[in-house]
file input26.cif (mmCIF, C-alpha atoms and all ligand atoms)
data_data
loop_
_atom_site.label_atom_id
_atom_site.label_comp_id
_atom_site.auth_asym_id
_atom_site.auth_seq_id
_atom_site.Cartn_x
_atom_site.Cartn_y
_atom_site.Cartn_z
CA MET X 230 -10.45 23.40 17.40
CA SER X 231 -11.66 19.84 17.06
CA PHE X 232 -11.95 17.21 19.76
CA SER X 233 -12.36 13.60 18.63
CA VAL X 234 -11.63 9.97 19.40
CA ARG X 235 -10.83 7.39 16.75
CA PHE X 236 -10.89 3.65 17.42
CA TRP X 237 -8.00 1.55 16.07
CA GLY X 238 -8.52 -1.49 18.30
CA VAL X 239 -11.70 -2.40 20.19
CA ARG X 240 -11.08 -6.01 21.26
CA GLY X 241 -10.23 -7.37 24.70
CA SER X 242 -7.63 -9.91 25.79
CA ILE X 243 -6.25 -11.07 22.44
CA ALA X 244 -6.39 -10.03 18.80
CA CYS X 245 -8.89 -12.11 16.86
CA PRO X 246 -8.88 -11.33 13.12
CA GLY X 247 -11.10 -13.47 10.95
CA PRO X 248 -14.32 -13.55 8.97
CA GLY X 249 -16.51 -13.46 12.10
CA THR X 250 -14.92 -10.23 13.42
CA ALA X 251 -14.20 -8.40 10.16
CA ARG X 252 -16.84 -5.68 10.59
CA TYR X 253 -16.11 -4.59 14.18
CA GLY X 254 -12.42 -5.52 13.97
CA GLY X 255 -10.06 -7.90 15.74
CA ASN X 256 -7.34 -5.56 17.05
CA THR X 257 -6.83 -4.93 20.76
CA SER X 258 -7.32 -1.62 22.62
CA THR X 259 -5.89 1.43 20.83
CA LEU X 260 -7.45 4.90 20.73
CA GLU X 261 -6.36 8.12 19.05
CA VAL X 262 -7.65 11.31 20.65
CA ARG X 263 -7.18 14.70 19.04
CA CYS X 264 -7.47 17.86 21.14
CA GLY X 265 -6.93 20.48 18.47
CA GLU X 266 -3.28 20.04 17.45
CA ARG X 267 -2.47 17.73 20.37
CA LEU X 268 -2.28 13.98 19.85
CA LEU X 269 -3.11 11.67 22.76
CA LEU X 270 -2.88 7.90 22.43
CA LEU X 271 -4.70 5.58 24.80
CA ASP X 272 -3.24 2.10 25.12
CA ALA X 273 -0.90 0.36 22.72
CA GLY X 274 -2.74 -2.71 21.51
CA THR X 275 -2.36 -4.30 18.10
CA GLY X 276 -4.30 -1.40 16.55
CA LEU X 277 -1.32 0.89 17.14
CA ARG X 278 0.56 -0.43 14.11
CA TYR X 279 -2.25 0.69 11.79
CA LEU X 280 -2.42 4.13 13.37
CA ALA X 281 1.34 4.49 12.75
CA LYS X 282 0.79 4.45 9.01
CA THR X 283 -1.19 7.71 9.23
CA LEU X 284 1.51 9.49 11.24
CA GLU X 285 4.48 9.33 8.87
CA GLY X 286 6.16 12.56 7.84
CA ALA X 287 6.14 15.59 10.12
CA PRO X 288 7.86 15.47 13.53
CA LEU X 289 5.48 14.19 16.14
CA GLU X 290 4.98 15.06 19.78
CA ALA X 291 2.44 12.88 21.59
CA ASP X 292 1.39 11.49 24.95
CA LEU X 293 0.55 7.79 25.35
CA PHE X 294 -1.59 6.89 28.38
CA PHE X 295 -1.77 3.26 29.46
CA THR X 296 -4.81 2.03 31.34
CA HIS X 297 -2.48 -0.73 32.55
CA THR X 298 0.21 -3.01 31.19
CA HIS X 299 -1.54 -6.31 30.52
CA PHE X 300 -0.29 -7.74 27.27
CA ASP X 301 -3.26 -6.78 25.07
CA HIS X 302 -2.69 -3.10 25.99
CA VAL X 303 1.09 -2.93 25.37
CA CYS X 304 1.88 -5.49 22.67
CA GLY X 305 1.60 -2.99 19.81
CA LEU X 306 4.27 -0.69 21.23
CA PRO X 307 7.38 -2.34 19.70
CA PHE X 308 5.68 -2.25 16.29
CA PHE X 309 4.88 1.48 16.42
CA ARG X 310 7.17 2.96 13.75
CA PRO X 311 7.15 6.57 15.05
CA LEU X 312 9.12 5.35 18.09
CA PHE X 313 12.04 4.58 15.77
CA GLU X 314 12.21 8.13 14.34
CA PRO X 315 14.65 10.47 16.12
CA GLN X 316 12.63 13.61 15.28
CA ASN X 317 9.65 12.38 17.37
CA ARG X 318 9.00 12.85 21.08
CA PHE X 319 6.73 10.77 23.28
CA ARG X 320 5.70 10.75 26.89
CA LEU X 321 4.42 7.43 28.22
CA TRP X 322 2.11 7.58 31.24
CA ALA X 323 0.85 4.92 33.67
CA GLY X 324 -0.98 5.24 36.98
CA HIS X 325 -1.36 1.64 38.17
CA LEU X 326 2.22 0.73 39.08
CA SER X 327 4.00 1.33 42.33
CA GLY X 328 7.41 1.03 43.92
CA ALA X 329 10.22 -0.52 41.90
CA MET X 330 7.90 -1.79 39.18
CA ASN X 331 7.63 1.42 37.20
CA LEU X 332 6.59 1.78 33.57
CA ARG X 333 10.14 1.85 32.23
CA ARG X 334 10.94 -1.42 33.96
CA VAL X 335 7.72 -3.14 32.89
CA LEU X 336 8.40 -2.32 29.24
CA ALA X 337 12.05 -3.39 29.55
CA GLU X 338 10.97 -6.74 30.97
CA PHE X 339 8.32 -7.24 28.33
CA MET X 340 10.83 -6.47 25.54
CA MET X 341 13.41 -8.91 26.86
CA SER X 342 15.14 -11.93 25.38
CA PRO X 343 14.03 -14.63 24.79
CA LEU X 344 10.47 -13.25 24.73
CA PHE X 345 11.37 -10.40 22.41
CA PRO X 346 14.47 -9.89 20.22
CA VAL X 347 15.30 -6.24 21.02
CA PRO X 348 15.06 -4.01 24.13
CA PRO X 349 13.36 -0.57 24.35
CA GLU X 350 16.78 1.00 23.68
CA VAL X 351 16.11 0.40 19.97
CA PHE X 352 13.62 3.27 20.05
CA ARG X 353 15.28 6.38 18.62
CA SER X 354 12.58 8.95 19.45
CA GLY X 355 12.67 11.07 22.57
CA LEU X 356 10.99 9.04 25.29
CA GLU X 357 9.92 10.10 28.78
CA TYR X 358 8.29 7.81 31.30
CA ARG X 359 5.75 9.40 33.63
CA ASP X 360 4.49 7.22 36.46
CA PHE X 361 1.66 8.76 38.46
CA ARG X 362 -0.88 7.55 40.97
CA ALA X 363 -4.40 6.87 39.67
CA GLY X 364 -6.58 9.62 41.16
CA GLU X 365 -4.27 12.45 40.15
CA THR X 366 -5.23 15.02 37.53
CA LEU X 367 -2.78 15.32 34.63
CA ALA X 368 -2.17 18.33 32.41
CA PRO X 369 -0.14 17.14 29.40
CA ALA X 370 -0.72 20.34 27.40
CA PRO X 371 -2.33 23.76 27.87
CA GLY X 372 -6.10 23.41 27.85
CA VAL X 373 -6.00 19.59 28.06
CA ALA X 374 -6.77 17.96 31.43
CA LEU X 375 -7.04 14.30 32.32
CA ARG X 376 -8.79 13.29 35.49
CA THR X 377 -7.95 9.75 36.54
CA THR X 378 -9.27 7.11 38.91
CA PRO X 379 -8.23 3.61 40.01
CA LEU X 380 -10.24 0.77 38.48
CA ASN X 381 -11.06 -2.69 39.83
CA HIS X 382 -8.78 -5.01 37.85
CA PRO X 383 -6.10 -7.62 38.63
CA ASP X 384 -2.75 -5.72 38.88
CA GLY X 385 -4.72 -2.44 38.83
CA ALA X 386 -5.79 -0.15 35.99
CA THR X 387 -6.50 3.56 35.51
CA GLY X 388 -9.66 5.20 34.18
CA TYR X 389 -9.28 8.51 32.32
CA ARG X 390 -11.53 11.49 31.69
CA ILE X 391 -10.10 13.78 29.01
CA GLU X 392 -11.43 17.32 29.18
CA TYR X 393 -10.97 19.83 26.39
CA GLN X 394 -12.91 23.00 25.63
CA GLY X 395 -15.69 22.12 28.06
CA ARG X 396 -16.29 18.64 26.60
CA SER X 397 -15.29 15.24 27.90
CA ILE X 398 -14.37 11.75 26.73
CA CYS X 399 -13.99 9.03 29.38
CA TYR X 400 -12.02 5.83 28.87
CA VAL X 401 -12.87 3.22 31.47
CA THR X 402 -11.40 -0.22 30.73
CA ASP X 403 -10.41 -2.77 32.13
CA THR X 404 -12.63 -2.88 35.20
CA GLU X 405 -14.97 -5.26 37.04
CA HIS X 406 -18.18 -4.20 38.73
CA VAL X 407 -19.79 -5.57 41.84
CA PRO X 408 -23.35 -6.58 40.91
CA GLY X 409 -25.93 -4.38 42.61
CA SER X 410 -23.48 -1.67 43.68
CA LEU X 411 -22.35 0.95 41.17
CA ASP X 412 -18.61 1.73 41.33
CA ARG X 413 -18.30 5.11 43.06
CA ASN X 414 -14.92 5.90 41.51
CA VAL X 415 -16.33 5.33 38.04
CA LEU X 416 -19.51 7.33 38.78
CA ARG X 417 -17.43 10.30 39.94
CA LEU X 418 -15.17 10.11 36.90
CA ILE X 419 -17.97 9.95 34.31
CA ALA X 420 -20.41 12.38 35.95
CA GLY X 421 -22.17 14.33 33.17
CA ALA X 422 -19.62 13.17 30.56
CA ASP X 423 -20.31 13.44 26.83
CA ILE X 424 -18.79 10.07 25.86
CA VAL X 425 -18.05 7.06 28.08
CA ILE X 426 -15.99 4.24 26.56
CA TYR X 427 -16.53 1.33 28.94
CA ASP X 428 -15.33 -2.26 29.47
CA CYS X 429 -18.26 -4.28 28.09
CA MET X 430 -16.45 -7.59 27.74
CA TYR X 431 -19.46 -9.64 28.83
CA THR X 432 -23.22 -9.59 28.97
CA ASP X 433 -25.00 -9.76 32.34
CA ASP X 434 -25.93 -13.36 31.46
CA GLU X 435 -22.30 -14.35 30.87
CA TYR X 436 -20.81 -12.47 33.81
CA PRO X 437 -21.40 -15.06 36.60
CA ARG X 438 -18.98 -17.41 34.81
CA PHE X 439 -16.23 -14.77 34.86
CA VAL X 440 -16.34 -13.30 38.35
CA GLY X 441 -12.85 -12.14 39.33
CA TRP X 442 -11.55 -11.87 35.76
CA GLY X 443 -11.55 -8.06 35.95
CA HIS X 444 -14.19 -7.12 33.38
CA SER X 445 -17.71 -5.73 33.23
CA THR X 446 -20.85 -5.85 31.08
CA TRP X 447 -22.60 -3.52 28.65
CA GLN X 448 -25.67 -3.53 30.88
CA GLU X 449 -23.53 -2.25 33.78
CA GLY X 450 -22.22 0.45 31.42
CA VAL X 451 -25.82 1.56 30.79
CA ARG X 452 -26.58 1.61 34.53
CA LEU X 453 -23.46 3.67 35.27
CA CYS X 454 -24.13 6.18 32.50
CA ARG X 455 -27.75 6.65 33.55
CA GLU X 456 -26.86 7.17 37.19
CA ALA X 457 -24.00 9.56 36.32
CA GLY X 458 -26.00 11.54 33.76
CA ALA X 459 -23.45 10.66 31.05
CA LYS X 460 -24.74 11.13 27.50
CA ARG X 461 -23.35 8.33 25.33
CA LEU X 462 -22.02 4.88 26.16
CA VAL X 463 -19.49 3.28 23.83
CA VAL X 464 -19.42 -0.51 24.23
CA PHE X 465 -15.71 -1.48 24.18
CA HIS X 466 -13.15 -4.25 24.90
CA HIS X 467 -15.25 -6.89 23.13
CA ASP X 468 -14.82 -10.52 24.09
CA PRO X 469 -12.90 -12.32 21.31
CA ASP X 470 -15.75 -14.86 21.29
CA HIS X 471 -18.36 -12.18 20.47
CA ASP X 472 -18.70 -12.17 16.70
CA ASP X 473 -20.09 -9.39 14.52
CA ASP X 474 -23.65 -10.71 14.59
CA MET X 475 -23.67 -10.79 18.38
CA LEU X 476 -22.27 -7.24 18.52
CA ASP X 477 -25.01 -6.11 16.11
CA GLY X 478 -27.53 -7.40 18.64
CA ILE X 479 -25.84 -5.55 21.51
CA ALA X 480 -25.76 -2.38 19.36
CA ARG X 481 -29.54 -2.53 18.90
CA GLU X 482 -30.14 -3.11 22.61
CA VAL X 483 -27.77 -0.41 23.85
CA GLU X 484 -29.23 2.19 21.47
CA ARG X 485 -32.70 1.31 22.75
CA ARG X 486 -31.72 1.58 26.42
CA LEU X 487 -29.52 4.69 26.14
CA PRO X 488 -30.17 6.46 22.82
CA GLY X 489 -27.03 7.67 21.08
CA SER X 490 -24.94 4.83 22.46
CA VAL X 491 -22.91 2.66 20.10
CA VAL X 492 -20.69 -0.41 19.90
CA ALA X 493 -17.07 0.52 19.13
CA ARG X 494 -15.69 -0.68 15.82
CA GLU X 495 -12.36 -0.07 14.13
CA GLY X 496 -12.41 3.18 12.16
CA LEU X 497 -15.24 4.73 14.19
CA VAL X 498 -14.66 8.43 14.95
CA LEU X 499 -16.71 10.22 17.60
CA GLU X 500 -16.81 13.88 18.58
CA PRO X 501 -18.18 14.78 22.01
ZN ZN X 601 -7.63 -5.71 28.29
ZN ZN X 602 -6.30 -6.20 31.76
#

call {"tool": "encode", "arguments": {"input": "input26.cif", "output": "structure tokens"}}
result
Amino acid sequence: MSFSVRFWGVRGSIACPGPGTARYGGNTSTLEVRCGERLLLLDAGTGLRYLAKTLEGAPLEADLFFTHTHFDHVCGLPFFRPLFEPQNRFRLWAGHLSGAMNLRRVLAEFMMSPLFPVPPEVFRSGLEYRDFRAGETLAPAPGVALRTTPLNHPDGATGYRIEYQGRSICYVTDTEHVPGSLDRNVLRLIAGADIVIYDCMYTDDEYPRFVGWGHSTWQEGVRLCREAGAKRLVVFHHDPDHDDDMLDGIAREVERRLPGSVVAREGLVLEP
């Protein structure tokens, strides 16, 4: 049974379509993971609407895991057609919220007049909200396990490690590193992993101007993967100001420093 990840949105912070981003893509964070027959979605950025077009037809049962609920990671949700189909069933998961501010309430407040014309009640599919605490291990389906860890990000975020048939895909965005000290939570999560999708918003040169903004660099991704014995780094959550030519340059560098590593682009499919 196959295990794969497909990228529908690779951009951080805000969608940025245009001639300078046409090759890598301008949509925000959205991943489709297939574990055999099981469908897992990671984040609901603007890429989610394009994924929806491939899912029409048969009844759907899927789990959607949010890293967190900043706008670029949730704004595609109300435009995800399968949520309007009564034959479909979804579970929505988040591990960064606590107390009264649970996932159901966050989405209700985000889809609220006058910011948005209709509330989540317009969704006709089955919908379950599953709040958990980052650090727990989740088992959404037989044979599929997700280890999780808290990340270093304003308002919190959750890193995931999806394990299926002895292979692993890690999804670690949005998170900020502390220069000179590798994040122990991230190292534990990605230890020996096959694929590590990491928040590479900045370069090490740019980072000092963005301390405290909650993001990391592709060079830190390389350092983490090397230390953790992870096989492939996937540069992800691109800065909207990084155009295709700049990402080409990062792709060459990252492949040189950690062979097999790539820069995420829309339409890319990887198998661990
Ligand atoms: Zn983000
Ligand atoms: Zn964020």

call {"tool": "closest_atom_pairs", "arguments": {"input": "input26.cif", "of": "chain X", "to": "ligand ZN 602 (chain X)", "cutoff": "9 Å", "atoms": "all atoms listed in the file", "output": "tab-separated table"}}
result
residue	atom	partner	partner_atom	distance
X:Gly241	CA	X:ZN602	ZN	8.2
X:Ser242	CA	X:ZN602	ZN	7.2
X:Thr296	CA	X:ZN602	ZN	8.4
X:His297	CA	X:ZN602	ZN	6.7
X:Thr298	CA	X:ZN602	ZN	7.3
X:His299	CA	X:ZN602	ZN	4.9
X:Phe300	CA	X:ZN602	ZN	7.7
X:Asp301	CA	X:ZN602	ZN	7.4
X:His302	CA	X:ZN602	ZN	7.5
X:His382	CA	X:ZN602	ZN	6.7
X:Pro383	CA	X:ZN602	ZN	7.0
X:Asp384	CA	X:ZN602	ZN	8.0
X:Gly385	CA	X:ZN602	ZN	8.2
X:Ala386	CA	X:ZN602	ZN	7.4
X:Thr402	CA	X:ZN602	ZN	7.9
X:Asp403	CA	X:ZN602	ZN	5.4
X:Thr404	CA	X:ZN602	ZN	7.9
X:Trp442	CA	X:ZN602	ZN	8.7
X:Gly443	CA	X:ZN602	ZN	7.0
X:His444	CA	X:ZN602	ZN	8.1

call {"tool": "closest_residue", "arguments": {"input": "input26.cif", "among": "X:Arg362, X:Pro307, X:Arg263, X:His466", "to": "X:Pro346", "atoms": "only C-alpha atoms"}}
result
X:Pro307

call {"tool": "atom_distance", "arguments": {"input": "input26.cif", "atom1": "atom CA of X:Arg413", "atom2": "atom CA of X:Val373"}}
result
24.2 Å

call {"tool": "atom_distance", "arguments": {"input": "input26.cif", "atom1": "atom CA of X:Ala374", "atom2": "atom CA of X:Ser258"}}
result
21.5 Å

call {"tool": "residues_around", "arguments": {"input": "input26.cif", "residues": "X:Phe361", "least_positions_apart": "6", "cutoff": "9 Å", "atoms": "all atoms listed in the file", "output": "PDB file with C-alpha atoms, keeping the file's coordinate frame"}}
result
ATOM      1  CA  TRP X 322       2.110   7.580  31.240  1.00  0.00           C
ATOM      2  CA  ALA X 323       0.850   4.920  33.670  1.00  0.00           C
ATOM      3  CA  GLY X 324      -0.980   5.240  36.980  1.00  0.00           C
ATOM      4  CA  HIS X 325      -1.360   1.640  38.170  1.00  0.00           C
ATOM      5  CA  LEU X 326       2.220   0.730  39.080  1.00  0.00           C
ATOM      6  CA  SER X 327       4.000   1.330  42.330  1.00  0.00           C
ATOM      7  CA  LEU X 367      -2.780  15.320  34.630  1.00  0.00           C
TER       8      LEU X 367
END

call {"tool": "axis_aligned_box", "arguments": {"input": "input26.cif", "around": "stretch 369-382 of chain X", "padding_each_side": "6 Å", "output": "AutoDock Vina command-line options"}}
result
--center_x -5.6 --center_y 9.4 --center_z 33.7 --size_x 22.9 --size_y 40.8 --size_z 24.6

call {"tool": "residues_around", "arguments": {"input": "input26.cif", "residues": "stretch 424-436 of chain X", "least_positions_apart": "3", "cutoff": "6 Å", "atoms": "only C-alpha atoms", "output": "list in words"}}
result
Ile398, Cys399, Tyr400, Val401, Thr402, Asp403, Phe439, Ser445, Thr446, Trp447, Arg461, Leu462, Val463, Val464, Phe465, His466, His467 and Asp468 of chain X

call {"tool": "atom_distance", "arguments": {"input": "input26.cif", "atom1": "atom CA of X:Gln394", "atom2": "atom CA of X:Phe295"}}
result
23.0 Å

call {"tool": "residues_near_point", "arguments": {"input": "input26.cif", "point": "(10.8, 3.8, 21.6)", "cutoff": "12 Å", "atoms": "all atoms listed in the file", "output": "VMD selection string"}}
result
chain X and resid 293 305 to 321 333 336 to 337 340 347 to 358

call {"tool": "closest_residue", "arguments": {"input": "input26.cif", "among": "X:Ala273, X:Asp360, X:Glu500, X:Gly388", "to": "X:Arg334", "atoms": "all atoms listed in the file"}}
result
X:Asp360
